[in-house]
>>> print(open('start.cif').read())   # mmCIF, C-alpha atoms and all ligand atoms
data_start
#
loop_
_atom_site.label_atom_id
_atom_site.label_comp_id
_atom_site.auth_asym_id
_atom_site.auth_seq_id
_atom_site.Cartn_x
_atom_site.Cartn_y
_atom_site.Cartn_z
CA MET A 1 2.22 37.51 -13.38
CA THR A 2 1.09 33.89 -12.88
CA LYS A 3 -2.59 33.42 -13.68
CA MET A 4 -4.49 31.47 -11.03
CA MET A 5 -7.42 29.02 -11.08
CA LYS A 6 -9.40 26.85 -8.70
CA ALA A 7 -8.23 23.24 -8.38
CA VAL A 8 -8.39 20.27 -6.03
CA ARG A 9 -4.88 19.66 -4.74
CA LEU A 10 -3.24 17.05 -2.58
CA HIS A 11 -0.66 18.13 0.03
CA ARG A 12 -0.31 14.64 1.51
CA PHE A 13 -1.68 11.13 0.92
CA GLY A 14 -4.72 9.95 2.84
CA GLY A 15 -8.52 9.59 2.84
CA PRO A 16 -11.02 11.74 0.91
CA ASP A 17 -10.52 14.63 3.37
CA VAL A 18 -6.97 15.32 2.04
CA LEU A 19 -8.48 16.73 -1.18
CA GLN A 20 -8.25 20.52 -0.90
CA TYR A 21 -10.20 22.92 -3.10
CA GLU A 22 -7.97 25.99 -3.41
CA ASP A 23 -6.16 28.42 -5.70
CA ALA A 24 -3.40 26.98 -7.87
CA PRO A 25 -1.33 28.31 -10.77
CA ARG A 26 -3.02 27.91 -14.15
CA PRO A 27 -0.98 25.48 -16.31
CA THR A 28 1.09 26.73 -19.20
CA ILE A 29 1.27 24.78 -22.47
CA SER A 30 4.15 23.58 -24.63
CA SER A 31 4.08 23.79 -28.42
CA ASP A 32 2.35 20.38 -28.78
CA GLU A 33 -0.24 20.96 -26.08
CA VAL A 34 -3.72 22.39 -25.77
CA LEU A 35 -5.05 24.36 -22.79
CA VAL A 36 -8.55 23.12 -21.96
CA ARG A 37 -11.07 25.06 -19.86
CA VAL A 38 -12.55 22.13 -17.95
CA HIS A 39 -16.34 21.80 -17.72
CA ALA A 40 -16.39 18.35 -16.10
CA ALA A 41 -13.88 15.78 -14.83
CA SER A 42 -14.64 12.19 -13.85
CA LEU A 43 -13.26 9.92 -11.14
CA ASN A 44 -11.43 6.68 -11.85
CA PRO A 45 -9.95 4.06 -9.52
CA PRO A 46 -6.33 5.31 -10.08
CA ASP A 47 -7.39 8.70 -8.60
CA LEU A 48 -8.41 6.92 -5.41
CA TYR A 49 -5.29 4.74 -5.35
CA LEU A 50 -2.99 7.76 -5.80
CA ARG A 51 -4.87 9.89 -3.25
CA ASP A 52 -4.16 7.09 -0.81
CA GLY A 53 -0.47 6.79 -1.84
CA TYR A 54 -1.00 3.39 -3.52
CA ARG A 55 -1.09 1.77 -0.08
CA ALA A 56 -2.07 -1.61 -1.58
CA LEU A 57 1.31 -1.82 -3.36
CA PRO A 58 4.56 -3.02 -1.76
CA PRO A 59 6.40 -0.02 -0.19
CA GLU A 60 9.12 -0.03 -2.86
CA TRP A 61 6.51 0.48 -5.62
CA ARG A 62 4.72 3.36 -3.94
CA PRO A 63 5.05 6.88 -5.41
CA SER A 64 7.49 9.40 -4.03
CA SER A 65 5.35 12.30 -5.20
CA THR A 66 6.22 15.99 -4.89
CA PHE A 67 3.38 17.87 -3.22
CA PRO A 68 1.17 19.66 -3.92
CA PHE A 69 -0.28 18.11 -7.06
CA ILE A 70 -3.66 17.81 -8.76
CA LEU A 71 -5.43 14.48 -9.29
CA GLY A 72 -7.56 13.38 -12.22
CA THR A 73 -7.19 12.14 -15.79
CA ASP A 74 -10.58 12.47 -17.49
CA VAL A 75 -11.93 15.79 -18.73
CA SER A 76 -14.40 17.38 -21.06
CA GLY A 77 -14.23 21.08 -21.80
CA VAL A 78 -13.47 23.83 -24.30
CA VAL A 79 -10.14 24.69 -25.92
CA ALA A 80 -8.80 27.95 -24.41
CA ALA A 81 -5.45 28.06 -26.24
CA VAL A 82 -3.29 25.88 -28.51
CA GLY A 83 0.49 25.47 -28.78
CA GLU A 84 2.14 26.73 -31.98
CA ARG A 85 2.65 23.20 -33.40
CA VAL A 86 -0.97 22.09 -32.82
CA SER A 87 -3.00 21.97 -36.02
CA GLY A 88 -6.08 19.85 -35.27
CA PHE A 89 -7.77 22.03 -32.60
CA ARG A 90 -8.80 25.68 -32.29
CA ALA A 91 -9.90 27.90 -29.41
CA GLY A 92 -13.59 27.27 -28.75
CA ASP A 93 -13.60 23.58 -29.80
CA GLU A 94 -15.42 21.26 -27.39
CA VAL A 95 -13.04 18.42 -26.54
CA TYR A 96 -12.53 15.45 -24.23
CA ALA A 97 -9.48 13.44 -23.16
CA MET A 98 -7.78 11.04 -20.81
CA VAL A 99 -4.73 13.11 -19.87
CA ARG A 100 -1.16 11.73 -19.65
CA PHE A 101 -1.99 8.22 -18.50
CA PRO A 102 0.00 6.25 -17.49
CA GLU A 103 2.77 8.90 -17.79
CA ASP A 104 1.46 10.83 -14.76
CA LEU A 105 0.18 7.77 -12.89
CA MET A 106 2.28 8.60 -9.82
CA HIS A 107 1.78 12.38 -9.58
CA GLY A 108 -1.63 13.17 -11.03
CA SER A 109 -2.66 14.37 -14.48
CA SER A 110 -4.22 17.56 -13.06
CA ALA A 111 -7.79 17.21 -14.36
CA TYR A 112 -9.57 18.25 -11.12
CA ALA A 113 -9.15 21.92 -12.02
CA GLN A 114 -10.58 24.80 -14.04
CA TYR A 115 -7.80 24.42 -16.63
CA VAL A 116 -5.63 21.51 -17.73
CA SER A 117 -2.88 21.17 -20.34
CA VAL A 118 -3.35 18.20 -22.68
CA PRO A 119 -0.97 16.81 -25.33
CA ALA A 120 -2.86 17.33 -28.61
CA SER A 121 -2.37 13.64 -29.52
CA GLN A 122 -4.45 12.66 -26.46
CA LEU A 123 -7.39 14.96 -27.25
CA ALA A 124 -10.51 14.43 -29.40
CA LEU A 125 -13.49 16.57 -30.32
CA LYS A 126 -16.32 15.93 -27.85
CA PRO A 127 -19.13 13.94 -29.47
CA LEU A 128 -21.80 16.54 -30.31
CA GLY A 129 -24.64 14.30 -29.18
CA ILE A 130 -23.57 14.19 -25.52
CA ASP A 131 -22.96 16.86 -22.87
CA HIS A 132 -19.74 17.60 -20.99
CA THR A 133 -20.82 15.49 -17.99
CA GLN A 134 -21.22 12.35 -20.09
CA ALA A 135 -18.10 13.10 -22.16
CA ALA A 136 -16.01 13.54 -19.00
CA GLY A 137 -17.30 10.17 -17.80
CA ALA A 138 -16.06 8.36 -20.87
CA PRO A 139 -12.29 8.55 -21.48
CA MET A 140 -10.55 6.06 -19.16
CA SER A 141 -13.43 3.57 -18.99
CA LEU A 142 -14.08 3.77 -22.73
CA LEU A 143 -10.40 3.53 -23.71
CA THR A 144 -10.00 0.55 -21.38
CA ALA A 145 -12.94 -1.29 -22.95
CA TRP A 146 -11.72 -0.31 -26.42
CA GLN A 147 -8.09 -1.33 -25.92
CA PHE A 148 -9.10 -4.65 -24.34
CA LEU A 149 -11.88 -5.53 -26.80
CA VAL A 150 -11.41 -3.64 -30.08
CA ASP A 151 -7.90 -2.31 -30.75
CA LEU A 152 -4.89 -1.97 -28.45
CA GLY A 153 -3.73 1.00 -30.52
CA HIS A 154 -0.07 1.18 -29.42
CA ASP A 155 3.17 -0.78 -29.15
CA ALA A 156 4.30 0.44 -25.71
CA PRO A 157 5.64 -2.28 -23.39
CA ASN A 158 3.00 -4.07 -21.34
CA PRO A 159 3.86 -3.68 -17.63
CA PHE A 160 1.91 -6.84 -16.72
CA GLN A 161 3.04 -9.44 -19.27
CA THR A 162 5.75 -10.12 -21.83
CA PHE A 163 3.46 -10.38 -24.86
CA ARG A 164 1.24 -7.79 -26.56
CA HIS A 165 -2.42 -7.84 -25.59
CA THR A 166 -4.54 -8.74 -28.62
CA PRO A 167 -8.33 -8.34 -28.73
CA VAL A 168 -10.30 -11.38 -30.00
CA SER A 169 -13.14 -11.50 -32.52
CA LEU A 170 -16.49 -11.00 -30.77
CA ASP A 171 -18.96 -11.47 -33.61
CA GLY A 172 -21.33 -14.34 -32.78
CA LYS A 173 -19.37 -15.12 -29.60
CA THR A 174 -20.54 -15.31 -25.99
CA VAL A 175 -18.87 -12.72 -23.77
CA LEU A 176 -19.23 -12.54 -19.98
CA VAL A 177 -18.50 -9.14 -18.38
CA ASN A 178 -17.86 -9.22 -14.63
CA GLY A 179 -18.34 -5.88 -12.86
CA ALA A 180 -20.81 -4.88 -15.57
CA GLY A 181 -22.35 -1.99 -13.61
CA GLY A 182 -19.07 -0.08 -13.15
CA GLY A 183 -17.30 2.42 -15.38
CA VAL A 184 -15.38 -0.08 -17.53
CA GLY A 185 -18.03 -2.82 -17.27
CA HIS A 186 -21.06 -0.90 -18.55
CA LEU A 187 -19.14 0.34 -21.60
CA ALA A 188 -17.62 -3.10 -22.24
CA VAL A 189 -21.13 -4.62 -22.29
CA GLN A 190 -22.22 -2.11 -24.95
CA ILE A 191 -19.07 -2.45 -27.06
CA ALA A 192 -19.34 -6.25 -27.03
CA LYS A 193 -22.99 -5.96 -28.16
CA TRP A 194 -21.99 -3.51 -30.90
CA LYS A 195 -19.38 -6.06 -32.06
CA GLY A 196 -22.08 -8.74 -32.39
CA ALA A 197 -21.57 -10.74 -29.20
CA ARG A 198 -24.13 -12.34 -26.92
CA VAL A 199 -23.42 -10.73 -23.56
CA ILE A 200 -23.75 -12.11 -20.04
CA ALA A 201 -23.51 -9.28 -17.49
CA VAL A 202 -22.48 -10.02 -13.89
CA ALA A 203 -23.11 -7.35 -11.24
CA SER A 204 -25.08 -6.77 -8.05
CA GLY A 205 -28.88 -6.90 -8.38
CA LYS A 206 -29.50 -3.16 -8.52
CA HIS A 207 -27.79 -2.96 -11.94
CA GLY A 208 -30.03 -5.60 -13.59
CA ALA A 209 -32.57 -3.28 -15.20
CA LEU A 210 -29.93 -0.88 -16.51
CA LEU A 211 -27.83 -3.68 -18.00
CA GLY A 212 -30.88 -5.07 -19.78
CA ASP A 213 -31.45 -1.58 -21.25
CA LEU A 214 -27.82 -1.45 -22.36
CA GLY A 215 -28.27 -4.69 -24.30
CA ALA A 216 -27.11 -7.48 -21.98
CA ASP A 217 -28.77 -10.77 -23.00
CA VAL A 218 -28.37 -12.43 -19.61
CA PHE A 219 -27.97 -10.83 -16.18
CA ILE A 220 -26.45 -12.61 -13.18
CA ASP A 221 -26.71 -11.05 -9.71
CA TYR A 222 -23.45 -12.19 -8.09
CA SER A 223 -24.90 -11.57 -4.62
CA LYS A 224 -27.40 -14.39 -5.25
CA VAL A 225 -25.57 -16.82 -7.52
CA ALA A 226 -21.94 -17.41 -8.48
CA ALA A 227 -21.62 -17.03 -12.26
CA GLU A 228 -19.25 -20.02 -12.53
CA THR A 229 -21.99 -22.33 -11.21
CA VAL A 230 -24.54 -21.42 -13.90
CA VAL A 231 -22.53 -20.53 -17.02
CA LYS A 232 -20.38 -22.63 -19.36
CA ASP A 233 -18.76 -22.55 -22.83
CA VAL A 234 -18.16 -18.81 -22.81
CA ASP A 235 -15.73 -17.55 -25.48
CA LEU A 236 -14.42 -14.58 -23.52
CA VAL A 237 -14.63 -13.37 -19.94
CA LEU A 238 -13.72 -9.73 -19.34
CA ASP A 239 -13.20 -9.41 -15.58
CA ALA A 240 -13.51 -5.72 -14.68
CA VAL A 241 -13.37 -6.39 -10.93
CA GLY A 242 -10.26 -8.45 -10.08
CA GLY A 243 -9.28 -9.33 -6.51
CA ALA A 244 -9.71 -12.73 -4.93
CA ASN A 245 -10.27 -15.86 -7.00
CA MET A 246 -10.27 -14.53 -10.56
CA GLU A 247 -9.23 -18.10 -11.49
CA ARG A 248 -12.84 -19.27 -11.06
CA PHE A 249 -13.67 -17.84 -14.48
CA LEU A 250 -11.42 -20.42 -16.15
CA ASN A 251 -14.19 -22.94 -15.39
CA VAL A 252 -16.76 -21.16 -17.58
CA ILE A 253 -14.54 -20.65 -20.65
CA ARG A 254 -14.40 -23.17 -23.50
CA PRO A 255 -10.98 -24.49 -24.59
CA GLY A 256 -9.52 -21.96 -27.04
CA GLY A 257 -11.34 -19.09 -25.34
CA ALA A 258 -9.88 -16.15 -23.44
CA LEU A 259 -9.87 -14.50 -20.02
CA PHE A 260 -9.08 -10.77 -20.05
CA LEU A 261 -8.18 -9.32 -16.65
CA VAL A 262 -8.69 -5.58 -16.29
CA ASN A 263 -7.28 -5.68 -12.76
CA PRO A 264 -4.78 -8.60 -13.01
CA LEU A 265 -2.86 -8.28 -9.73
CA GLY A 266 -3.00 -11.55 -7.81
CA PHE A 267 -4.16 -13.84 -10.64
CA ALA A 268 -2.87 -17.33 -9.87
CA GLY A 269 -4.37 -19.47 -12.63
CA HIS A 270 -1.72 -19.42 -15.36
CA THR A 271 -0.92 -23.15 -15.12
CA LYS A 272 -4.57 -24.14 -15.22
CA ALA A 273 -5.16 -21.77 -18.15
CA VAL A 274 -2.39 -23.44 -20.17
CA GLU A 275 -3.83 -26.90 -19.38
CA ARG A 276 -7.29 -25.77 -20.53
CA LYS A 277 -5.90 -23.94 -23.60
CA ILE A 278 -7.31 -20.61 -22.45
CA THR A 279 -5.49 -17.36 -23.27
CA VAL A 280 -5.12 -15.08 -20.25
CA SER A 281 -4.22 -11.51 -21.10
CA THR A 282 -4.20 -8.00 -19.71
CA THR A 283 -2.96 -4.54 -20.57
CA GLN A 284 -2.66 -1.05 -19.12
CA VAL A 285 -4.87 1.61 -20.63
CA ARG A 286 -3.04 4.43 -22.45
CA SER A 287 -4.13 7.92 -23.50
CA ASN A 288 -5.16 8.00 -27.16
CA GLY A 289 -6.99 10.87 -28.86
CA ALA A 290 -7.49 9.01 -32.15
CA GLN A 291 -9.31 6.18 -30.37
CA LEU A 292 -11.49 8.67 -28.47
CA ALA A 293 -12.42 10.22 -31.82
CA LYS A 294 -13.37 6.80 -33.23
CA ALA A 295 -15.25 5.54 -30.19
CA GLY A 296 -16.81 9.00 -29.88
CA ARG A 297 -18.85 8.28 -33.03
CA LEU A 298 -20.64 5.52 -31.10
CA LEU A 299 -21.38 7.97 -28.28
CA ASP A 300 -22.52 10.57 -30.78
CA ASP A 301 -25.05 8.37 -32.56
CA GLY A 302 -26.28 6.70 -29.36
CA THR A 303 -24.91 3.21 -30.13
CA ILE A 304 -23.32 3.35 -26.68
CA ARG A 305 -23.93 5.70 -23.75
CA VAL A 306 -22.17 6.75 -20.57
CA VAL A 307 -24.24 6.22 -17.43
CA ILE A 308 -23.76 8.82 -14.70
CA ASP A 309 -23.85 7.52 -11.13
CA SER A 310 -23.69 10.97 -9.53
CA THR A 311 -22.29 14.48 -9.95
CA TYR A 312 -20.59 16.82 -7.47
CA PRO A 313 -19.26 20.39 -7.73
CA LEU A 314 -15.46 20.48 -8.04
CA ALA A 315 -15.32 22.03 -4.55
CA GLU A 316 -16.92 18.82 -3.19
CA ALA A 317 -14.35 16.40 -4.59
CA SER A 318 -13.99 14.83 -1.13
CA ALA A 319 -17.66 13.84 -1.14
CA ALA A 320 -17.27 12.45 -4.65
CA HIS A 321 -14.33 10.31 -3.47
CA GLN A 322 -16.40 9.11 -0.53
CA ARG A 323 -19.16 8.08 -2.96
CA ALA A 324 -16.64 6.25 -5.17
CA SER A 325 -15.13 4.45 -2.17
CA SER A 326 -18.51 3.30 -0.87
CA GLY A 327 -18.86 0.75 -3.74
CA GLY A 328 -21.75 -0.27 -5.96
CA ILE A 329 -21.11 2.53 -8.45
CA GLN A 330 -23.43 2.52 -11.46
CA GLY A 331 -21.47 4.11 -14.28
CA LYS A 332 -19.42 7.20 -13.48
CA VAL A 333 -18.96 9.79 -10.72
CA VAL A 334 -18.34 13.23 -12.27
CA LEU A 335 -17.09 16.58 -10.91
CA LEU A 336 -18.75 19.68 -12.39
CA VAL A 337 -16.43 22.64 -12.87
CA SER A 338 -17.96 26.11 -13.04
N1 LIG A 401 -5.89 -2.34 -16.79
C1 LIG A 401 -6.20 -1.04 -16.82
O1 LIG A 401 -5.55 -0.24 -17.49
C2 LIG A 401 -7.39 -0.56 -16.07
C3 LIG A 401 -8.13 0.51 -16.57
C4 LIG A 401 -9.28 0.92 -15.89
C5 LIG A 401 -9.65 0.27 -14.71
N2 LIG A 401 -8.87 -0.73 -14.23
C6 LIG A 401 -9.26 -1.47 -13.01
O2 LIG A 401 -10.48 -2.14 -13.31
C7 LIG A 401 -11.32 -2.15 -12.18
C8 LIG A 401 -12.67 -1.56 -12.55
O3 LIG A 401 -12.55 -0.19 -12.88
P1 LIG A 401 -13.86 0.71 -12.99
O4 LIG A 401 -13.41 2.06 -13.39
O5 LIG A 401 -14.87 0.02 -13.83
O6 LIG A 401 -14.34 0.71 -11.46
P2 LIG A 401 -15.77 1.04 -10.85
O7 LIG A 401 -16.48 2.02 -11.73
O8 LIG A 401 -15.55 1.37 -9.44
O9 LIG A 401 -16.60 -0.32 -10.97
C9 LIG A 401 -16.34 -1.43 -10.25
C10 LIG A 401 -17.63 -2.29 -10.29
O10 LIG A 401 -17.37 -3.57 -9.79
C11 LIG A 401 -18.56 -4.04 -9.15
N3 LIG A 401 -18.22 -5.10 -8.21
C12 LIG A 401 -17.64 -4.99 -6.99
N4 LIG A 401 -17.46 -6.20 -6.44
C13 LIG A 401 -17.91 -7.10 -7.36
C14 LIG A 401 -17.97 -8.52 -7.39
N5 LIG A 401 -17.55 -9.27 -6.35
N6 LIG A 401 -18.48 -9.11 -8.49
C15 LIG A 401 -18.92 -8.40 -9.53
N7 LIG A 401 -18.89 -7.05 -9.55
C16 LIG A 401 -18.38 -6.41 -8.48
C17 LIG A 401 -19.15 -2.80 -8.50
O11 LIG A 401 -20.56 -2.73 -8.41
P3 LIG A 401 -21.55 -3.81 -7.77
O12 LIG A 401 -20.79 -4.46 -6.66
O13 LIG A 401 -22.75 -3.02 -7.28
O14 LIG A 401 -21.91 -4.73 -8.90
C18 LIG A 401 -18.75 -1.69 -9.49
O15 LIG A 401 -19.82 -1.38 -10.37
C19 LIG A 401 -10.57 -1.38 -11.08
O16 LIG A 401 -9.89 -2.31 -10.28
C20 LIG A 401 -9.56 -0.55 -11.85
O17 LIG A 401 -8.42 -0.25 -11.09
C21 LIG A 401 -7.76 -1.17 -14.88
#
>>> encode(input="start.cif", output="structure tokens")
Amino acid sequence: MTKMMKAVRLHRFGGPDVLQYEDAPRPTISSDEVLVRVHAASLNPPDLYLRDGYRALPPEWRPSSTFPFILGTDVSGVVAAVGERVSGFRAGDEVYAMVRFPEDLMHGSSAYAQYVSVPASQLALKPLGIDHTQAAGAPMSLLTAWQFLVDLGHDAPNPFQTFRHTPVSLDGKTVLVNGAGGGVGHLAVQIAKWKGARVIAVASGKHGALLGDLGADVFIDYSKVAAETVVKDVDLVLDAVGGANMERFLNVIRPGGALFLVNPLGFAGHTKAVERKITVSTTQVRSNGAQLAKAGRLLDDGTIRVVIDSTYPLAEASAAHQRASSGGIQGKVVLLVS
């Protein structure tokens, strides 16, 4: 008989109200997978894009998903069972992961549930020094900051550019992080500090105090002043916002510096970048258990921390999506799974 669980499923695309908390079959695992009893799952922008059917993309790129399916990539929980070829994890281990991303980009990685199956290679032991809420908040944002700034960690084709993304040395350099209060931004600020950079954080005013606590040397409130009018000779800009006029950051970067675009769609400054000898690069984050284990040491010893914007019970995933859509997130929105 199929075992059941509670999950948040999607039966059609749409606004936050299409998220339905209901019974769903508990996943089974293959020989290389681990069944995780989920304690917490966090929200990321791709969850919102997929819930909405990737409406911002041209029609031919939109998913033709089979309903129902379960959203969510980021989990922290406890190992309930392991496949016969899994050697690194045992029942009872506390673990965290970003699940099957980008493999399941178009039909959900099934993290908004009481149980999720995870390829063992994408799983890491949860840092002991943090709880499940913080650990669930980390994976996608942390792996994004890590793969952009520290180590790409794979040779998979880059869907956005023909060349491999390569992090640059940060020690003694000046790094500007745009969108510094968000999931990716607040971890990127801390990783750049850990790597020895001087960090300029750009966000709305309410994030100023937090970003100072997290180590930012300079804070710019973009609602009062445009960063490109007050900053120059930066070695690297990490833009964790994207959208209109990303090209403006080329004006603050010294020749030989770099502009890393976390959300590159619509960037129109390639010619200017070549003229100014600035490297423009991007990548797509990929699941990676080994990197979560490495970066987890920084979470464990408090070198970096995950800031929690808000938490919601799994049954209130719609409210959590409403919070995430309302903007101005500080850190992560997390679903608590009982
Ligand atoms: N390439 C990849 O693989 C990859 C991976 C992860 C994320 N992403 C993309 O990266 C972006 C950020 O992701 P996230 O998880 O960090 O999102 P998030 O947690 O929602 O954070 C976005 C942040 O941007 C800030 N912001 C909004 N407008 C801004 C502006 N005009 N100037 C400066 N800051 C602004 C927001 O707060 P305030 O307005 O209050 O400052 C918010 O803190 C998303 O577009 C996401 O799709 C890409």
>>> closest_atom_pairs(input="start.cif", of="chain A", to="ligand LIG 401 (chain A)", cutoff="7 Å", atoms="only C-alpha atoms and all ligand atoms", output="JSON lines")
{"residue": "A:Asn44", "atom": "CA", "partner": "A:LIG401", "partner_atom": "O4", "distance": 5.3}
{"residue": "A:Pro45", "atom": "CA", "partner": "A:LIG401", "partner_atom": "O17", "distance": 4.8}
{"residue": "A:Pro46", "atom": "CA", "partner": "A:LIG401", "partner_atom": "O17", "distance": 6.0}
{"residue": "A:Met140", "atom": "CA", "partner": "A:LIG401", "partner_atom": "C4", "distance": 6.2}
{"residue": "A:Ser141", "atom": "CA", "partner": "A:LIG401", "partner_atom": "O4", "distance": 5.8}
{"residue": "A:Thr144", "atom": "CA", "partner": "A:LIG401", "partner_atom": "C3", "distance": 5.2}
{"residue": "A:Asn178", "atom": "CA", "partner": "A:LIG401", "partner_atom": "C15", "distance": 5.3}
{"residue": "A:Gly179", "atom": "CA", "partner": "A:LIG401", "partner_atom": "N7", "distance": 3.6}
{"residue": "A:Ala180", "atom": "CA", "partner": "A:LIG401", "partner_atom": "O15", "distance": 6.3}
{"residue": "A:Gly181", "atom": "CA", "partner": "A:LIG401", "partner_atom": "O15", "distance": 4.2}
{"residue": "A:Gly182", "atom": "CA", "partner": "A:LIG401", "partner_atom": "O15", "distance": 3.2}
{"residue": "A:Gly183", "atom": "CA", "partner": "A:LIG401", "partner_atom": "O5", "distance": 3.8}
{"residue": "A:Val184", "atom": "CA", "partner": "A:LIG401", "partner_atom": "O5", "distance": 3.7}
{"residue": "A:Gly185", "atom": "CA", "partner": "A:LIG401", "partner_atom": "O5", "distance": 5.5}
{"residue": "A:Val202", "atom": "CA", "partner": "A:LIG401", "partner_atom": "C15", "distance": 5.9}
{"residue": "A:Ala203", "atom": "CA", "partner": "A:LIG401", "partner_atom": "O14", "distance": 3.7}
{"residue": "A:Ser204", "atom": "CA", "partner": "A:LIG401", "partner_atom": "O14", "distance": 3.9}
{"residue": "A:Lys206", "atom": "CA", "partner": "A:LIG401", "partner_atom": "O13", "distance": 6.9}
{"residue": "A:His207", "atom": "CA", "partner": "A:LIG401", "partner_atom": "O14", "distance": 6.9}
{"residue": "A:Tyr222", "atom": "CA", "partner": "A:LIG401", "partner_atom": "N6", "distance": 5.9}
{"residue": "A:Ala240", "atom": "CA", "partner": "A:LIG401", "partner_atom": "C8", "distance": 4.7}
{"residue": "A:Val241", "atom": "CA", "partner": "A:LIG401", "partner_atom": "C7", "distance": 4.9}
{"residue": "A:Gly242", "atom": "CA", "partner": "A:LIG401", "partner_atom": "O16", "distance": 6.2}
{"residue": "A:Val262", "atom": "CA", "partner": "A:LIG401", "partner_atom": "N1", "distance": 4.3}
{"residue": "A:Asn263", "atom": "CA", "partner": "A:LIG401", "partner_atom": "C6", "distance": 4.7}
{"residue": "A:Thr282", "atom": "CA", "partner": "A:LIG401", "partner_atom": "N1", "distance": 6.6}
{"residue": "A:Thr283", "atom": "CA", "partner": "A:LIG401", "partner_atom": "N1", "distance": 5.3}
{"residue": "A:Gln284", "atom": "CA", "partner": "A:LIG401", "partner_atom": "O1", "distance": 3.4}
{"residue": "A:Val285", "atom": "CA", "partner": "A:LIG401", "partner_atom": "O1", "distance": 3.7}
{"residue": "A:Ala324", "atom": "CA", "partner": "A:LIG401", "partner_atom": "O8", "distance": 6.6}
{"residue": "A:Gly327", "atom": "CA", "partner": "A:LIG401", "partner_atom": "C17", "distance": 5.9}
{"residue": "A:Gly328", "atom": "CA", "partner": "A:LIG401", "partner_atom": "O13", "distance": 3.2}
{"residue": "A:Ile329", "atom": "CA", "partner": "A:LIG401", "partner_atom": "O15", "distance": 4.5}
{"residue": "A:Gln330", "atom": "CA", "partner": "A:LIG401", "partner_atom": "O15", "distance": 5.4}
{"residue": "A:Gly331", "atom": "CA", "partner": "A:LIG401", "partner_atom": "O7", "distance": 6.0}
{"residue": "A:Lys332", "atom": "CA", "partner": "A:LIG401", "partner_atom": "O7", "distance": 6.2}
>>> closest_residue(input="start.cif", among="A:Ala135, A:Val79, A:Ala56, A:Leu170", to="Gly266 of chain A", atoms="all atoms listed in the file")
A:Ala56
>>> axis_aligned_box(input="start.cif", around="segment 146-160 of chain A", padding_each_side="5 Å", output="AutoDock Vina command-line options")
--center_x -3.1 --center_y -2.8 --center_z -23.7 --size_x 27.5 --size_y 18.0 --size_z 24.0
>>> closest_residue(input="start.cif", among="A:Leu105, A:Leu19, A:Ala293, A:Val150", to="Ala320 of chain A", atoms="all atoms listed in the file")
A:Leu19
>>> residues_around(input="start.cif", residues="Val237 of chain A", least_positions_apart="2", cutoff="8 Å", atoms="all atoms listed in the file", output="ChimeraX atom specification")
/A:175-178,234-235,239,249,253,258-260
>>> residues_around(input="start.cif", residues="Pro27 of chain A", least_positions_apart="2", cutoff="10 Å", atoms="only C-alpha atoms", output="list of chain:residue names")
A:Thr2, A:Lys3, A:Met4, A:Met5, A:Ala24, A:Pro25, A:Ile29, A:Ser30, A:Leu35, A:Val36, A:Ser110, A:Ala113, A:Gln114, A:Tyr115, A:Val116, A:Ser117, A:Val118
>>> closest_residue(input="start.cif", among="A:Phe267, A:Tyr49, A:Tyr21, A:Phe67", to="Ala317 of chain A", atoms="all atoms listed in the file")
A:Tyr21
>>> closest_residue(input="start.cif", among="A:Ala290, A:Val306, A:Ala41, A:Ala97", to="Gly129 of chain A", atoms="only C-alpha atoms")
A:Val306
>>> closest_residue(input="start.cif", among="A:Leu314, A:Leu125, A:Val18, A:Leu238", to="Val280 of chain A", atoms="only C-alpha atoms")
A:Leu238
>>> closest_residue(input="start.cif", among="A:Ala319, A:Leu211, A:Val168, A:Leu71", to="Arg100 of chain A", atoms="only C-alpha atoms")
A:Leu71
>>> residues_around(input="start.cif", residues="Lys277 of chain A", least_positions_apart="2", cutoff="10 Å", atoms="only C-alpha atoms", output="PDB file with C-alpha atoms, in the frame of the given file")
ATOM      1  CA  LEU A 250     -11.420 -20.420 -16.150  1.00  0.00           C
ATOM      2  CA  ILE A 253     -14.540 -20.650 -20.650  1.00  0.00           C
ATOM      3  CA  ARG A 254     -14.400 -23.170 -23.500  1.00  0.00           C
ATOM      4  CA  PRO A 255     -10.980 -24.490 -24.590  1.00  0.00           C
ATOM      5  CA  GLY A 256      -9.520 -21.960 -27.040  1.00  0.00           C
ATOM      6  CA  GLY A 257     -11.340 -19.090 -25.340  1.00  0.00           C
ATOM      7  CA  ALA A 258      -9.880 -16.150 -23.440  1.00  0.00           C
ATOM      8  CA  THR A 271      -0.920 -23.150 -15.120  1.00  0.00           C
ATOM      9  CA  LYS A 272      -4.570 -24.140 -15.220  1.00  0.00           C
ATOM     10  CA  ALA A 273      -5.160 -21.770 -18.150  1.00  0.00           C
ATOM     11  CA  VAL A 274      -2.390 -23.440 -20.170  1.00  0.00           C
ATOM     12  CA  GLU A 275      -3.830 -26.900 -19.380  1.00  0.00           C
ATOM     13  CA  THR A 279      -5.490 -17.360 -23.270  1.00  0.00           C
ATOM     14  CA  VAL A 280      -5.120 -15.080 -20.250  1.00  0.00           C
TER      15      VAL A 280
END
>>> atom_distance(input="start.cif", atom1="atom CA of Leu335 of chain A", atom2="atom CA of Leu48 of chain A")
14.1 Å
>>> atom_distance(input="start.cif", atom1="atom CA of Arg12 of chain A", atom2="atom CA of Ala315 of chain A")
17.8 Å
>>> atom_distance(input="start.cif", atom1="atom CA of Ala192 of chain A", atom2="atom CA of Lys224 of chain A")
24.6 Å
>>> residues_around(input="start.cif", residues="Ile220 of chain A", least_positions_apart="5", cutoff="9 Å", atoms="all atoms listed in the file", output="ChimeraX atom specification")
/A:200-205,208,225-227
>>> residues_around(input="start.cif", residues="Pro127 of chain A", least_positions_apart="3", cutoff="6 Å", atoms="only C-alpha atoms", output="list of chain:residue names")
A:Ile130, A:Gly296, A:Asp300
